[in-house]
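Structure file protein_9.csv (CSV, C-alpha atoms and all ligand atoms) is printed below.
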```csv
chain,number,residue,atom,x,y,z
A,1,MET,CA,-75.6,142.7,118.9
A,2,LYS,CA,-76.9,140.0,116.7
A,3,LEU,CA,-77.6,139.8,112.9
A,4,TYR,CA,-80.5,137.6,111.9
A,5,ASP,CA,-79.3,136.0,108.7
A,6,GLY,CA,-81.0,134.1,105.9
A,7,GLY,CA,-78.6,131.7,104.3
A,8,ARG,CA,-78.6,132.0,100.5
A,9,ALA,CA,-81.4,134.6,100.3
A,10,PRO,CA,-80.3,137.8,98.5
A,11,ASN,CA,-81.0,140.5,101.0
A,12,PRO,CA,-79.1,139.0,103.9
A,13,ARG,CA,-76.3,138.4,101.5
A,14,ARG,CA,-76.2,142.1,100.7
A,15,VAL,CA,-75.4,142.8,104.4
A,16,ARG,CA,-72.8,140.0,104.6
A,17,VAL,CA,-71.0,141.2,101.5
A,18,TYR,CA,-71.0,144.8,102.9
A,19,LEU,CA,-69.6,143.6,106.2
A,20,ALA,CA,-66.9,141.6,104.5
A,21,GLU,CA,-65.9,144.7,102.5
A,22,LYS,CA,-65.6,146.6,105.7
A,23,GLY,CA,-63.8,143.8,107.6
A,24,ILE,CA,-66.5,143.9,110.3
A,25,THR,CA,-67.5,140.7,112.1
A,26,VAL,CA,-71.0,140.5,113.7
A,27,PRO,CA,-72.5,137.5,115.6
A,28,THR,CA,-75.2,136.0,113.4
A,29,GLU,CA,-78.2,133.8,114.0
A,30,PRO,CA,-79.5,131.8,111.1
A,31,VAL,CA,-83.2,132.1,110.3
A,32,ASP,CA,-84.4,129.0,108.3
A,33,LEU,CA,-86.5,130.5,105.5
A,34,GLY,CA,-87.1,127.0,104.1
A,35,ALA,CA,-88.8,126.1,107.4
A,36,LEU,CA,-90.7,129.4,107.4
A,37,GLN,CA,-89.0,130.3,110.7
A,38,GLN,CA,-89.3,134.0,109.8
A,39,LYS,CA,-93.1,133.6,110.2
A,40,SER,CA,-92.8,132.2,113.8
A,41,ALA,CA,-94.1,134.2,116.7
A,42,ALA,CA,-90.6,134.4,118.1
A,43,TYR,CA,-89.2,136.0,115.0
A,44,ALA,CA,-92.2,138.2,114.3
A,45,ALA,CA,-91.6,139.7,117.7
A,46,ILE,CA,-88.1,140.7,116.4
A,47,ASN,CA,-89.2,141.9,113.0
A,48,PRO,CA,-93.0,142.2,112.5
A,49,VAL,CA,-92.5,142.4,108.8
A,50,GLN,CA,-91.2,138.7,109.1
A,51,ARG,CA,-88.3,139.2,106.7
A,52,VAL,CA,-84.5,138.9,107.0
A,53,PRO,CA,-82.0,140.4,107.6
A,54,ALA,CA,-82.6,142.2,110.9
A,55,LEU,CA,-80.0,143.6,113.3
A,56,ALA,CA,-80.7,143.5,117.0
A,57,LEU,CA,-78.7,146.0,119.0
A,58,ASP,CA,-77.7,145.5,122.6
A,59,ASP,CA,-80.1,148.2,123.8
A,60,GLY,CA,-83.0,146.3,122.2
A,61,THR,CA,-83.3,148.4,119.1
A,62,VAL,CA,-84.0,146.3,116.0
A,63,ILE,CA,-82.9,147.6,112.6
A,64,ALA,CA,-84.4,145.8,109.6
A,65,GLU,CA,-84.0,146.5,105.9
A,66,SER,CA,-80.6,145.6,104.5
A,67,ILE,CA,-79.6,149.1,103.4
A,68,ALA,CA,-80.6,150.6,106.8
A,69,ILE,CA,-78.4,148.0,108.5
A,70,CYS,CA,-75.5,148.8,106.1
A,71,ARG,CA,-76.0,152.6,106.8
A,72,TYR,CA,-75.8,151.9,110.6
A,73,PHE,CA,-72.4,150.3,110.1
A,74,GLU,CA,-71.3,153.0,107.7
A,75,ALA,CA,-71.9,155.6,110.3
A,76,LEU,CA,-69.8,153.7,112.8
A,77,HIS,CA,-67.1,152.6,110.4
A,78,PRO,CA,-66.8,155.2,107.6
A,79,GLU,CA,-63.7,153.7,105.9
A,80,PRO,CA,-63.7,152.6,103.2
A,81,PRO,CA,-66.7,154.7,102.2
A,82,LEU,CA,-69.2,152.4,100.5
A,83,PHE,CA,-72.0,155.1,100.4
A,84,GLY,CA,-69.8,157.8,99.0
A,85,VAL,CA,-68.2,161.0,100.2
A,86,GLY,CA,-69.5,164.5,99.3
A,87,ALA,CA,-72.9,165.6,98.0
A,88,ARG,CA,-72.5,164.5,94.4
A,89,GLU,CA,-71.0,161.1,95.0
A,90,ILE,CA,-73.4,160.2,97.8
A,91,ALA,CA,-76.3,161.1,95.5
A,92,GLU,CA,-75.0,159.1,92.6
A,93,ILE,CA,-74.4,156.0,94.7
A,94,GLU,CA,-77.9,156.4,96.2
A,95,MET,CA,-79.4,156.8,92.7
A,96,TRP,CA,-77.7,153.6,91.4
A,97,ASN,CA,-78.4,151.6,94.4
A,98,ARG,CA,-82.1,152.5,94.2
A,99,ARG,CA,-82.1,151.8,90.4
A,100,LEU,CA,-80.5,148.4,91.0
A,101,GLU,CA,-83.1,147.6,93.7
A,102,LEU,CA,-86.2,148.8,91.9
A,103,HIS,CA,-85.3,147.8,88.3
A,104,LEU,CA,-83.2,144.7,88.8
A,105,LEU,CA,-83.3,143.0,92.2
A,106,PHE,CA,-87.0,143.4,92.9
A,107,PRO,CA,-88.1,142.3,89.4
A,108,ILE,CA,-85.8,139.3,89.6
A,109,ALA,CA,-87.3,138.5,93.0
A,110,HIS,CA,-90.8,138.8,91.6
A,111,ILE,CA,-90.0,136.3,88.9
A,112,PHE,CA,-88.4,133.9,91.3
A,113,ARG,CA,-91.1,134.2,94.0
A,114,ASN,CA,-94.0,133.9,91.5
A,115,THR,CA,-92.6,130.9,89.5
A,116,HIS,CA,-90.5,128.7,91.8
A,117,PRO,CA,-92.4,125.8,93.4
A,118,ALA,CA,-90.3,126.2,96.6
A,119,MET,CA,-91.7,129.7,97.1
A,120,LYS,CA,-95.4,128.6,97.2
A,121,GLU,CA,-95.7,129.0,100.9
A,122,MET,CA,-93.8,132.3,101.0
A,123,GLU,CA,-95.4,134.1,98.1
A,124,VAL,CA,-99.2,133.7,98.7
A,125,PRO,CA,-100.7,133.8,96.2
A,126,GLN,CA,-98.1,133.1,93.5
A,127,VAL,CA,-99.1,135.1,90.4
A,128,PRO,CA,-97.2,133.7,87.3
A,129,ALA,CA,-98.5,136.6,85.2
A,130,TRP,CA,-96.7,139.1,87.5
A,131,ALA,CA,-93.5,137.1,86.9
A,132,GLU,CA,-94.0,137.3,83.1
A,133,ALA,CA,-94.6,141.1,83.4
A,134,ASN,CA,-91.3,141.5,85.1
A,135,ARG,CA,-89.2,139.5,82.6
A,136,PRO,CA,-88.8,142.2,80.0
A,137,ARG,CA,-88.1,144.8,82.7
A,138,VAL,CA,-85.0,142.9,83.8
A,139,MET,CA,-83.6,142.7,80.3
A,140,GLU,CA,-84.4,146.4,79.6
A,141,PHE,CA,-82.6,147.5,82.7
A,142,LEU,CA,-79.6,145.3,82.0
A,143,GLU,CA,-79.2,147.1,78.6
A,144,ILE,CA,-79.3,150.5,80.4
A,145,LEU,CA,-76.7,149.3,82.9
A,146,ASP,CA,-74.6,147.9,80.1
A,147,ARG,CA,-74.4,151.3,78.4
A,148,ASP,CA,-73.4,153.0,81.6
A,149,LEU,CA,-70.7,150.5,82.5
A,150,LYS,CA,-69.1,151.1,79.1
A,151,ASP,CA,-67.2,154.1,80.6
A,152,ARG,CA,-66.5,153.1,84.2
A,153,PRO,CA,-65.3,150.1,86.2
A,154,PHE,CA,-68.1,150.1,88.8
A,155,VAL,CA,-71.8,150.9,88.8
A,156,ALA,CA,-71.5,154.3,90.4
A,157,GLY,CA,-68.1,155.4,89.2
A,158,ASP,CA,-64.4,154.6,89.8
A,159,ARG,CA,-64.8,152.9,93.1
A,160,TYR,CA,-66.7,149.9,94.5
A,161,THR,CA,-69.8,150.9,96.5
A,162,VAL,CA,-72.9,149.5,98.0
A,163,ALA,CA,-74.5,149.9,94.6
A,164,ASP,CA,-72.1,147.2,93.3
A,165,ILE,CA,-73.2,144.9,96.2
A,166,THR,CA,-76.9,145.3,95.2
A,167,GLY,CA,-75.9,144.7,91.6
A,168,LEU,CA,-73.8,141.6,92.4
A,169,VAL,CA,-76.5,140.0,94.5
A,170,ALA,CA,-79.2,140.8,91.9
A,171,VAL,CA,-77.2,139.3,89.0
A,172,ASP,CA,-76.4,136.2,91.1
A,173,PHE,CA,-80.1,135.8,92.0
A,174,MET,CA,-80.8,135.5,88.2
A,175,LYS,CA,-79.6,131.9,88.2
A,176,PRO,CA,-82.2,130.5,90.6
A,177,ALA,CA,-84.8,132.6,88.8
A,178,LYS,CA,-83.7,130.8,85.6
A,179,LEU,CA,-82.5,134.0,83.9
A,180,ALA,CA,-79.2,134.9,82.4
A,181,VAL,CA,-77.3,138.1,81.5
A,182,PRO,CA,-77.5,138.3,77.6
A,183,GLU,CA,-74.2,137.8,75.7
A,184,THR,CA,-74.8,141.3,74.2
A,185,CYS,CA,-74.3,142.9,77.7
A,186,ALA,CA,-70.5,142.5,77.6
A,187,ASN,CA,-69.9,145.4,80.0
A,188,VAL,CA,-72.3,144.0,82.6
A,189,ARG,CA,-70.5,140.6,82.2
A,190,ARG,CA,-67.1,142.2,82.7
A,191,TRP,CA,-68.2,144.2,85.7
A,192,HIS,CA,-69.9,141.1,87.2
A,193,ALA,CA,-66.7,139.0,86.8
A,194,ALA,CA,-64.7,141.8,88.5
A,195,VAL,CA,-67.0,142.1,91.6
A,196,SER,CA,-67.4,138.3,91.8
A,197,ALA,CA,-63.6,138.0,92.1
A,198,ARG,CA,-63.5,140.1,95.3
A,199,PRO,CA,-63.2,138.0,98.5
A,200,SER,CA,-66.4,139.6,99.8
A,201,ALA,CA,-68.4,137.9,97.0
A,202,SER,CA,-68.2,134.6,98.8
A,203,ALA,CA,-69.9,136.0,101.9
B,301,LIG,N1,-86.4,145.3,101.7
B,301,LIG,C1,-86.0,144.2,102.6
B,301,LIG,C2,-86.3,142.9,101.9
B,301,LIG,C3,-86.1,141.7,102.9
B,301,LIG,C4,-86.6,140.4,102.2
B,301,LIG,O1,-87.5,140.4,101.4
B,301,LIG,N2,-86.0,139.3,102.7
B,301,LIG,C5,-86.4,138.0,102.2
B,301,LIG,C6,-85.1,137.2,101.9
B,301,LIG,S1,-84.1,137.9,100.6
B,301,LIG,C7,-87.2,137.3,103.2
B,301,LIG,O2,-87.0,137.5,104.4
B,301,LIG,N3,-88.2,136.5,102.7
B,301,LIG,C8,-89.0,135.8,103.6
B,301,LIG,C9,-90.5,135.8,103.2
B,301,LIG,O3,-90.8,136.3,102.1
B,301,LIG,O4,-91.3,135.2,103.9
B,301,LIG,C10,-84.5,144.3,102.8
B,301,LIG,O5,-83.8,145.0,102.0
B,301,LIG,O6,-83.9,143.8,103.8
```
Please, can you express the file's structure as structure tokens?
Amino acid sequence: MKLYDGGRAPNPRRVRVYLAEKGITVPTEPVDLGALQQKSAAYAAINPVQRVPALALDDGTVIAESIAICRYFEALHPEPPLFGVGAREIAEIEMWNRRLELHLLFPIAHIFRNTHPAMKEMEVPQVPAWAEANRPRVMEFLEILDRDLKDRPFVAGDRYTVADITGLVAVDFMKPAKLAVPETCANVRRWHAAVSARPSASA
């Protein structure tokens, strides 16, 4: 088995944080996004979508998409449960993970990819107006998240889950996108400090 990794990029980091929380070690191969290695014929043969992460299994199967990779390991190593246990908890974690992807991580990525000069060759064409359209969406969602985090320690409830991983990676991705969590979002700041203090956050 081999995990194609992408350095500081957010989606591969989601998988690394997940694996660290589980205590699972997987051989990795770095894909140099700066050198556009993901667009090489050799990597396109592994993942035709030309994105990282991707997990190649020993039988030749390739699993791409960070959450699909995490779910693969969750099925093999259910403890500690990071996707929940029981119908209600599983659905709540799924809901929050999707919200954090769709309303936080993706809009931040759109801002970064459509404004940063280093992304010129990856995001073709760069559309600065799309970055601007996403700016208010990030702030609106942070306010929603802040209201929900008032009553609980983690994004989806009393325990740390994959939704916290998506949230941590999204909030950390705000820095290179030149965004910051507003002072008014005190609950988001408290939660972010707590999840950042976990050893897995350095993965
Ligand atoms: N939905 C995918 C997104 C993967 C993705 O966009 N990965 C980025 C790094 S964070 C990438 O490979 N970018 C290379 C490119 O855009 O050419 C996932 O969850 O794994």
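When only C-alpha atoms and all ligand atoms are used to compute distances to ligand LIG 301 (chain B), the closest of the residues A:Ala197, A:Met95, A:Ala180, A:Leu105 turns out to be A:Leu105.
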Separation of atom CA of A:Ile90 from atom CA of A:Ala54, in Å and rounded to one decimal
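A separation of 24.1 Å between them.
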Pick from A:Thr61, A:Asn47, A:Ser66, A:Thr25 nearest to ligand LIG 301 (chain B), counting only C-alpha atoms and all ligand atoms
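Closest residue, counting only C-alpha atoms and all ligand atoms: A:Ser66.
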Residues within 6 Å of ligand LIG 301 (chain B) (all atoms listed in the file), as a list of chain:residue names?
A:Ala9, A:Pro10, A:Asn11, A:Arg51, A:Val52, A:Pro53, A:Glu65, A:Ser66, A:Met122
Can those selected residues be exported to a file as a PDB file, keeping the file's coordinate frame so that it contains C-alpha atoms?
```pdb
ATOM      1  CA  ALA A   9     -81.400 134.600 100.300  1.00  0.00           C
ATOM      2  CA  PRO A  10     -80.300 137.800  98.500  1.00  0.00           C
ATOM      3  CA  ASN A  11     -81.000 140.500 101.000  1.00  0.00           C
ATOM      4  CA  ARG A  51     -88.300 139.200 106.700  1.00  0.00           C
ATOM      5  CA  VAL A  52     -84.500 138.900 107.000  1.00  0.00           C
ATOM      6  CA  PRO A  53     -82.000 140.400 107.600  1.00  0.00           C
ATOM      7  CA  GLU A  65     -84.000 146.500 105.900  1.00  0.00           C
ATOM      8  CA  SER A  66     -80.600 145.600 104.500  1.00  0.00           C
ATOM      9  CA  MET A 122     -93.800 132.300 101.000  1.00  0.00           C
TER      10      MET A 122
END
```
When you look at A:His77 with a cut-off of 12 Å (counting all atoms listed in the file), what residues show up, excluding the ones that are within fewer than 2 positions of it in the same chain? I need them as a PyMOL selection string.
chain A and resi 18-19+21-24+70-75+79-83
For A:Ile67, the closest of A:Ala163, A:Ala156, A:Ala87, A:Ile108 counting all atoms listed in the file is A:Ala163
Restricting the calculation to only C-alpha atoms, which member of A:Trp96, A:Tyr43, A:Phe154, A:Trp191 is positioned closest to A:Val171?
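Looking at the shortest contact to A:Val171, the residue is A:Trp191.
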What's around A:Leu3 at 12 Å? Count only C-alpha atoms, leave out sequence neighbours fewer than 2 positions away in its own chain, and write the answer as a compact mmCIF listing (two decimals) with C-alpha atoms, keeping the file's coordinate frame.
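As written to disk, result24.txt reads:
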```txt
# COMPACT_ATOMS: atom_id res chain seq x y z
CA MET A 1 -75.60 142.70 118.90
CA ASP A 5 -79.30 136.00 108.70
CA GLY A 6 -81.00 134.10 105.90
CA GLY A 7 -78.60 131.70 104.30
CA PRO A 12 -79.10 139.00 103.90
CA ARG A 13 -76.30 138.40 101.50
CA VAL A 15 -75.40 142.80 104.40
CA ARG A 16 -72.80 140.00 104.60
CA LEU A 19 -69.60 143.60 106.20
CA THR A 25 -67.50 140.70 112.10
CA VAL A 26 -71.00 140.50 113.70
CA PRO A 27 -72.50 137.50 115.60
CA THR A 28 -75.20 136.00 113.40
CA GLU A 29 -78.20 133.80 114.00
CA PRO A 30 -79.50 131.80 111.10
CA VAL A 31 -83.20 132.10 110.30
CA ILE A 46 -88.10 140.70 116.40
CA ASN A 47 -89.20 141.90 113.00
CA VAL A 52 -84.50 138.90 107.00
CA PRO A 53 -82.00 140.40 107.60
CA ALA A 54 -82.60 142.20 110.90
CA LEU A 55 -80.00 143.60 113.30
CA ALA A 56 -80.70 143.50 117.00
CA LEU A 57 -78.70 146.00 119.00
CA ASP A 58 -77.70 145.50 122.60
CA VAL A 62 -84.00 146.30 116.00
CA ILE A 63 -82.90 147.60 112.60
CA ALA A 64 -84.40 145.80 109.60
CA GLU A 65 -84.00 146.50 105.90
CA SER A 66 -80.60 145.60 104.50
CA ILE A 69 -78.40 148.00 108.50
CA CYS A 70 -75.50 148.80 106.10
```
Point out the residue among A:Ile111, A:Glu140, A:Val188, A:Gln37 with the least atom-to-atom distance to A:Val127, counting only C-alpha atoms.
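For A:Val127, the nearest of the candidates is A:Ile111.
Distances to A:Pro107 were evaluated for A:Ala35, A:Met119, A:Ala177, A:Val138 using all atoms listed in the file, and the minimum falls at A:Val138.
From atom CA of A:Leu145 back to atom CA of A:Gly86, the distance works out to 23.5 Å.
As for atom CA of A:His103 and atom CA of A:Leu33, they are spaced 24.4 Å apart.
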List as a PyMOL selection string the protein and nucleic acid residues near A:Ala201, meaning an atom at most 9 Å away when all atoms listed in the file are counted, but skip any in the same chain fewer than 2 places from it.
chain A and resi 17+20+165+168-169+195-199+203
